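For reference, data-v8.pdb (PDB, C-alpha atoms and all ligand atoms):
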ATOM      1  CA  MET A  59      23.282 134.936 130.305
ATOM      2  CA  ILE A  60      21.101 138.005 130.098
ATOM      3  CA  ARG A  61      17.540 137.016 129.230
ATOM      4  CA  PRO A  62      14.969 139.257 127.533
ATOM      5  CA  ILE A  63      12.529 140.844 130.000
ATOM      6  CA  LEU A  64       8.866 140.466 129.090
ATOM      7  CA  ARG A  65       6.624 143.511 129.143
ATOM      8  CA  HIS A  66       3.103 144.111 130.414
ATOM      9  CA  GLY A  67       0.723 142.218 128.132
ATOM     10  CA  ALA A  68       2.855 139.042 127.840
ATOM     11  CA  ASP A  69       0.859 136.024 129.112
ATOM     12  CA  ALA A  70       3.524 134.801 131.576
ATOM     13  CA  LEU A  71       3.278 138.084 133.508
ATOM     14  CA  HIS A  72      -0.452 137.822 134.111
ATOM     15  CA  GLN A  73      -0.825 134.298 135.466
ATOM     16  CA  PRO A  74       0.249 132.703 138.771
ATOM     17  CA  ALA A  75       3.586 130.878 138.774
ATOM     18  CA  ARG A  76       4.069 127.261 139.959
ATOM     19  CA  ARG A  77       5.983 126.181 143.028
ATOM     20  CA  VAL A  78       9.550 124.979 142.486
ATOM     21  CA  VAL A  79       9.926 121.253 143.176
ATOM     22  CA  ASP A  80      13.464 120.511 141.931
ATOM     23  CA  PHE A  81      16.466 122.565 143.020
ATOM     24  CA  ASP A  82      18.308 121.258 139.981
ATOM     25  CA  ASP A  83      20.856 122.641 137.505
ATOM     26  CA  GLY A  84      18.086 124.263 135.490
ATOM     27  CA  LEU A  85      17.046 126.267 138.545
ATOM     28  CA  GLN A  86      20.649 127.287 139.267
ATOM     29  CA  THR A  87      21.099 128.529 135.690
ATOM     30  CA  LEU A  88      17.781 130.368 135.829
ATOM     31  CA  ILE A  89      18.805 132.140 139.069
ATOM     32  CA  ASP A  90      22.276 133.067 137.723
ATOM     33  CA  ASP A  91      20.649 134.480 134.591
ATOM     34  CA  MET A  92      18.045 136.378 136.606
ATOM     35  CA  ILE A  93      20.729 138.034 138.772
ATOM     36  CA  GLN A  94      22.719 138.996 135.693
ATOM     37  CA  THR A  95      19.607 140.279 133.910
ATOM     38  CA  MET A  96      18.476 142.306 136.949
ATOM     39  CA  HIS A  97      21.885 143.939 137.408
ATOM     40  CA  ALA A  98      22.277 144.663 133.690
ATOM     41  CA  ALA A  99      18.850 146.305 133.412
ATOM     42  CA  PRO A 100      19.599 147.787 136.008
ATOM     43  CA  GLY A 101      16.866 146.946 138.481
ATOM     44  CA  VAL A 102      16.377 146.170 142.169
ATOM     45  CA  GLY A 103      14.260 143.050 141.682
ATOM     46  CA  LEU A 104      13.297 140.462 139.080
ATOM     47  CA  ALA A 105      10.820 137.586 139.207
ATOM     48  CA  ALA A 106      11.028 134.446 137.031
ATOM     49  CA  PRO A 107       7.771 135.193 135.118
ATOM     50  CA  GLN A 108       9.444 138.389 133.863
ATOM     51  CA  VAL A 109      11.850 136.217 131.876
ATOM     52  CA  GLY A 110       9.008 133.929 130.796
ATOM     53  CA  VAL A 111       9.522 131.186 133.374
ATOM     54  CA  GLY A 112       6.404 130.360 135.404
ATOM     55  CA  LEU A 113       8.178 129.375 138.606
ATOM     56  CA  ARG A 114       7.954 130.928 142.068
ATOM     57  CA  VAL A 115      11.442 132.430 142.234
ATOM     58  CA  PHE A 116      12.629 135.995 142.545
ATOM     59  CA  VAL A 117      15.866 137.857 143.071
ATOM     60  CA  ALA A 118      16.137 141.242 144.751
ATOM     61  CA  ASP A 119      18.954 143.667 145.396
ATOM     62  CA  PRO A 120      17.964 147.057 146.818
ATOM     63  CA  SER A 121      21.585 148.218 146.278
ATOM     64  CA  ALA A 122      21.249 147.512 142.510
ATOM     65  CA  GLY A 123      24.593 145.693 142.475
ATOM     66  CA  ARG A 124      26.549 148.109 144.682
ATOM     67  CA  SER A 125      26.606 145.823 147.723
ATOM     68  CA  ILE A 126      26.883 142.051 147.266
ATOM     69  CA  GLY A 127      25.452 141.350 150.744
ATOM     70  CA  ASP A 128      22.136 142.897 149.726
ATOM     71  CA  LEU A 129      21.389 140.311 147.060
ATOM     72  CA  VAL A 130      18.609 137.888 147.979
ATOM     73  CA  THR A 131      17.215 134.911 146.096
ATOM     74  CA  VAL A 132      13.930 133.462 147.289
ATOM     75  CA  VAL A 133      12.247 130.306 146.059
ATOM     76  CA  ASN A 134       8.598 129.507 146.933
ATOM     77  CA  PRO A 135       8.226 132.602 149.123
ATOM     78  CA  ARG A 136       5.317 133.301 151.411
ATOM     79  CA  VAL A 137       4.482 136.276 153.590
ATOM     80  CA  VAL A 138       4.446 135.397 157.278
ATOM     81  CA  GLU A 139       4.068 138.881 158.714
ATOM     82  CA  GLN A 140       3.377 142.384 157.501
ATOM     83  CA  GLU A 141       2.995 145.687 159.218
ATOM     84  CA  GLY A 142       2.251 149.329 158.513
ATOM     85  CA  ALA A 143       2.100 151.079 155.174
ATOM     86  CA  GLN A 144       4.307 153.154 152.907
ATOM     87  CA  ARG A 145       3.378 154.984 149.742
ATOM     88  CA  GLU A 146       6.249 155.644 147.362
ATOM     89  CA  GLU A 147       6.961 155.984 143.687
ATOM     90  CA  GLU A 148       7.763 152.672 142.047
ATOM     91  CA  GLY A 149       8.486 151.205 138.670
ATOM     92  CA  CYS A 150       8.944 147.806 137.054
ATOM     93  CA  LEU A 151      11.270 146.425 134.388
ATOM     94  CA  SER A 152       8.148 145.022 132.688
ATOM     95  CA  LEU A 153       6.625 148.511 132.474
ATOM     96  CA  PRO A 154       9.570 150.583 131.253
ATOM     97  CA  GLY A 155       8.950 154.310 131.258
ATOM     98  CA  PHE A 156       6.144 154.222 133.817
ATOM     99  CA  THR A 157       6.171 154.914 137.544
ATOM    100  CA  ALA A 158       3.427 155.481 140.077
ATOM    101  CA  ARG A 159       2.904 155.812 143.802
ATOM    102  CA  VAL A 160       1.846 152.444 145.224
ATOM    103  CA  THR A 161       0.884 151.609 148.802
ATOM    104  CA  ARG A 162       2.905 148.743 150.268
ATOM    105  CA  PRO A 163       3.563 147.391 153.777
ATOM    106  CA  ALA A 164       6.258 149.263 155.720
ATOM    107  CA  ARG A 165       7.676 146.011 157.023
ATOM    108  CA  LEU A 166       7.391 142.505 155.648
ATOM    109  CA  ILE A 167       8.674 139.109 156.723
ATOM    110  CA  VAL A 168       8.958 136.475 154.011
ATOM    111  CA  GLN A 169       9.803 132.809 154.410
ATOM    112  CA  GLY A 170      10.936 130.550 151.629
ATOM    113  CA  TYR A 171      14.014 128.706 150.404
ATOM    114  CA  ASP A 172      17.385 129.782 149.099
ATOM    115  CA  ARG A 173      18.735 128.405 145.815
ATOM    116  CA  GLU A 174      20.002 125.233 147.509
ATOM    117  CA  GLY A 175      16.637 124.509 149.118
ATOM    118  CA  THR A 176      17.494 125.627 152.641
ATOM    119  CA  GLU A 177      14.706 127.385 154.483
ATOM    120  CA  ILE A 178      15.259 131.141 154.903
ATOM    121  CA  THR A 179      13.499 134.065 156.526
ATOM    122  CA  ILE A 180      13.929 137.578 155.172
ATOM    123  CA  GLU A 181      12.818 140.657 157.006
ATOM    124  CA  GLY A 182      12.474 143.812 154.964
ATOM    125  CA  GLU A 183      11.751 147.398 155.876
ATOM    126  CA  THR A 184      11.225 150.457 153.665
ATOM    127  CA  LEU A 185      12.728 149.757 150.200
ATOM    128  CA  LEU A 186      13.337 146.033 150.766
ATOM    129  CA  ALA A 187       9.759 145.538 152.053
ATOM    130  CA  ARG A 188       8.494 147.278 148.905
ATOM    131  CA  VAL A 189      10.691 145.215 146.588
ATOM    132  CA  LEU A 190       9.777 141.936 148.308
ATOM    133  CA  GLN A 191       6.052 142.554 147.934
ATOM    134  CA  HIS A 192       6.455 143.810 144.361
ATOM    135  CA  GLU A 193       8.280 140.580 143.405
ATOM    136  CA  LEU A 194       5.811 138.379 145.321
ATOM    137  CA  ASP A 195       3.045 140.043 143.309
ATOM    138  CA  HIS A 196       4.794 139.027 140.070
ATOM    139  CA  LEU A 197       4.567 135.375 141.210
ATOM    140  CA  ASP A 198       0.807 135.826 141.524
ATOM    141  CA  GLY A 199       0.550 137.371 138.062
ATOM    142  CA  LYS A 200       0.227 140.944 139.311
ATOM    143  CA  LEU A 201       2.099 144.065 138.259
ATOM    144  CA  PHE A 202       2.197 147.322 140.201
ATOM    145  CA  VAL A 203      -0.600 148.777 138.076
ATOM    146  CA  ASP A 204      -2.847 145.997 139.403
ATOM    147  CA  ARG A 205      -2.372 147.494 142.898
ATOM    148  CA  MET A 206      -3.556 150.889 141.667
ATOM    149  CA  GLN A 207      -7.007 152.274 141.257
ATOM    150  CA  GLY A 208      -8.696 154.985 139.299
ATOM    151  CA  LEU A 209      -7.520 157.334 136.621
ATOM    152  CA  ARG A 210      -3.761 156.937 136.939
ATOM    153  CA  ARG A 211      -4.070 153.186 136.409
ATOM    154  CA  GLU A 212      -6.351 153.684 133.389
ATOM    155  CA  GLN A 213      -3.908 156.208 132.004
ATOM    156  CA  ILE A 214      -0.932 153.823 132.206
ATOM    157  CA  VAL A 215      -2.855 150.860 130.744
ATOM    158  CA  ARG A 216      -4.152 153.044 127.877
ATOM    159  CA  ARG A 217      -0.669 154.314 127.077
ATOM    160  CA  VAL A 218       0.745 150.762 127.123
ATOM    161  CA  ARG A 219      -1.980 149.582 124.714
ATOM    162  CA  LYS A 220      -1.236 152.504 122.414
ATOM    163  CA  LEU A 221       2.491 151.612 122.392
ATOM    164  CA  GLN A 222       1.580 147.946 121.728
ATOM    165  CA  ARG A 223      -0.616 148.914 118.779
ATOM    166  CA  ALA A 224       2.166 151.093 117.407
ATOM    167  CA  GLY A 225       4.602 148.166 117.703
ATOM    168  CA  LYS A 226       6.745 150.156 120.144
ATOM    169  CA  TRP A 227       6.341 147.888 123.175
TER     170      TRP A 227
HETATM  171 NI    NI A 301       8.323 144.369 138.514
END
Write out the structure in this file as structure tokens.
Amino acid sequence: MIRPILRHGADALHQPARRVVDFDDGLQTLIDDMIQTMHAAPGVGLAAPQVGVGLRVFVADPSAGRSIGDLVTVVNPRVVEQEGAQREEEGCLSLPGFTARVTRPARLIVQGYDREGTEITIEGETLLARVLQHELDHLDGKLFVDRMQGLRREQIVRRVRKLQRAGKW
């Protein structure tokens, strides 16, 4: 089932998510829905808080549905290694219509669990490294604008508030 994606300003997006304890049916349904919602958007990543669930789970697919082998699901992720830097344009399904250049690690290694609770390690470079850190940020209540500084950030936040006031957000 496709779930509605929350937008910047919704409480669930701005607070840290809780660790998953039970790999139960509810979690399996949540993950299925998140994959479907991400692909339908379409997007390359989606974190549980974006659908209003405060759990540390994200899905990512840098191929945006074109290659099934690229789909990853990570529960209770943590960064174990990061290296270098890249600065590219990025967006977020919770900030539709906005993009900005954000500095991210060039390479990132994340450990966590798959949907069955088996420990996994994911190594990402370039786009996958960017997506992994972007989704990890969501679990800590951070959106890409929170990684930005200065005028561009102010500009985006001001425009979002204006859209909210106008009831168009
Ligand atoms: Ni996002």
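Of the listed residues A:Arg124, A:Arg77, A:His66, A:Arg145, the one whose atoms come nearest to ligand NI 301 (chain A) is A:His66, with distances taken using only C-alpha atoms and all ligand atoms.
The closest residue to Asp198 in chain A, picked from A:Ser125, A:Asn134, A:Thr161, A:Gln86 and counting all atoms listed in the file, is A:Asn134.
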Enumerate as a short mmCIF file (atom, residue, chain, number, x, y, z; two decimals) with C-alpha atoms, keeping the file's coordinate frame the residues within 9 Å of ligand NI 301 (chain A), counting only C-alpha atoms and all ligand atoms.
data_model
loop_
_atom_site.label_atom_id
_atom_site.label_comp_id
_atom_site.auth_asym_id
_atom_site.auth_seq_id
_atom_site.Cartn_x
_atom_site.Cartn_y
_atom_site.Cartn_z
CA GLY A 101 16.87 146.95 138.48
CA GLY A 103 14.26 143.05 141.68
CA LEU A 104 13.30 140.46 139.08
CA ALA A 105 10.82 137.59 139.21
CA GLN A 108 9.44 138.39 133.86
CA GLY A 149 8.49 151.21 138.67
CA CYS A 150 8.94 147.81 137.05
CA LEU A 151 11.27 146.43 134.39
CA SER A 152 8.15 145.02 132.69
CA LEU A 153 6.62 148.51 132.47
CA VAL A 189 10.69 145.22 146.59
CA HIS A 192 6.46 143.81 144.36
CA GLU A 193 8.28 140.58 143.40
CA ASP A 195 3.04 140.04 143.31
CA HIS A 196 4.79 139.03 140.07
CA LYS A 200 0.23 140.94 139.31
CA LEU A 201 2.10 144.06 138.26
CA PHE A 202 2.20 147.32 140.20
#
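Going from CA of Gly112 in chain A to CA of Gly67 in chain A covers 15.0 Å.
Shortest separation to Arg210 in chain A among A:Ala158, A:Leu88, A:Val102, A:Val168 occurs at residue A:Ala158, atoms counted being only C-alpha atoms.
Between CA of Gly170 in chain A and CA of Val115 in chain A the interatomic distance comes to 9.6 Å.
Shortest separation to Phe81 in chain A among A:Ile126, A:Arg114, A:Gly142, A:Pro154 occurs at residue A:Arg114, atoms counted being all atoms listed in the file.
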Nearest-residue call for Pro74 in chain A, choices A:Gln222, A:Arg159, A:Leu194, A:Ile180, using all atoms listed in the file: A:Leu194
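Counting only C-alpha atoms and comparing A:Leu85, A:Leu186, A:Ala98, A:Val137, the residue that lies closest to Pro120 in chain A is A:Leu186.
Near Asp128 in chain A, within 8 Å and counting all atoms listed in the file, sit A:Ala118, A:Asp119, A:Pro120, A:Ser121; same-chain residues fewer than 4 positions away were not included.
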Residues selected by the PyMOL selection byres (((chain A and resi 187) around 9) and not hetatm), written as a VMD selection string: chain A and resid 140 162 to 167 181 to 186 188 to 192
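The space between CA of Val78 in chain A and CA of Leu113 in chain A spans 6.0 Å.
Against the coordinates shown, the PyMOL selection byres (((chain A and resi 62) around 8) and not hetatm) returns Ile60, Arg61, Ile63, Leu64, Thr95 and Val109 of chain A.
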Answer key for the PyMOL selection byres (((chain A and resi 178) around 10) and not hetatm), residues as a ChimeraX atom specification: /A:131-133,135,168-172,175-177,179-180
As AutoDock Vina command-line options, what would the box around range 97-109 of chain A look like: edges along x, y and z, 8 Å added on every side, centre and edge lengths in Å to one decimal?
--center_x 15.0 --center_y 141.1 --center_z 137.0 --size_x 30.5 --size_y 29.3 --size_z 26.3
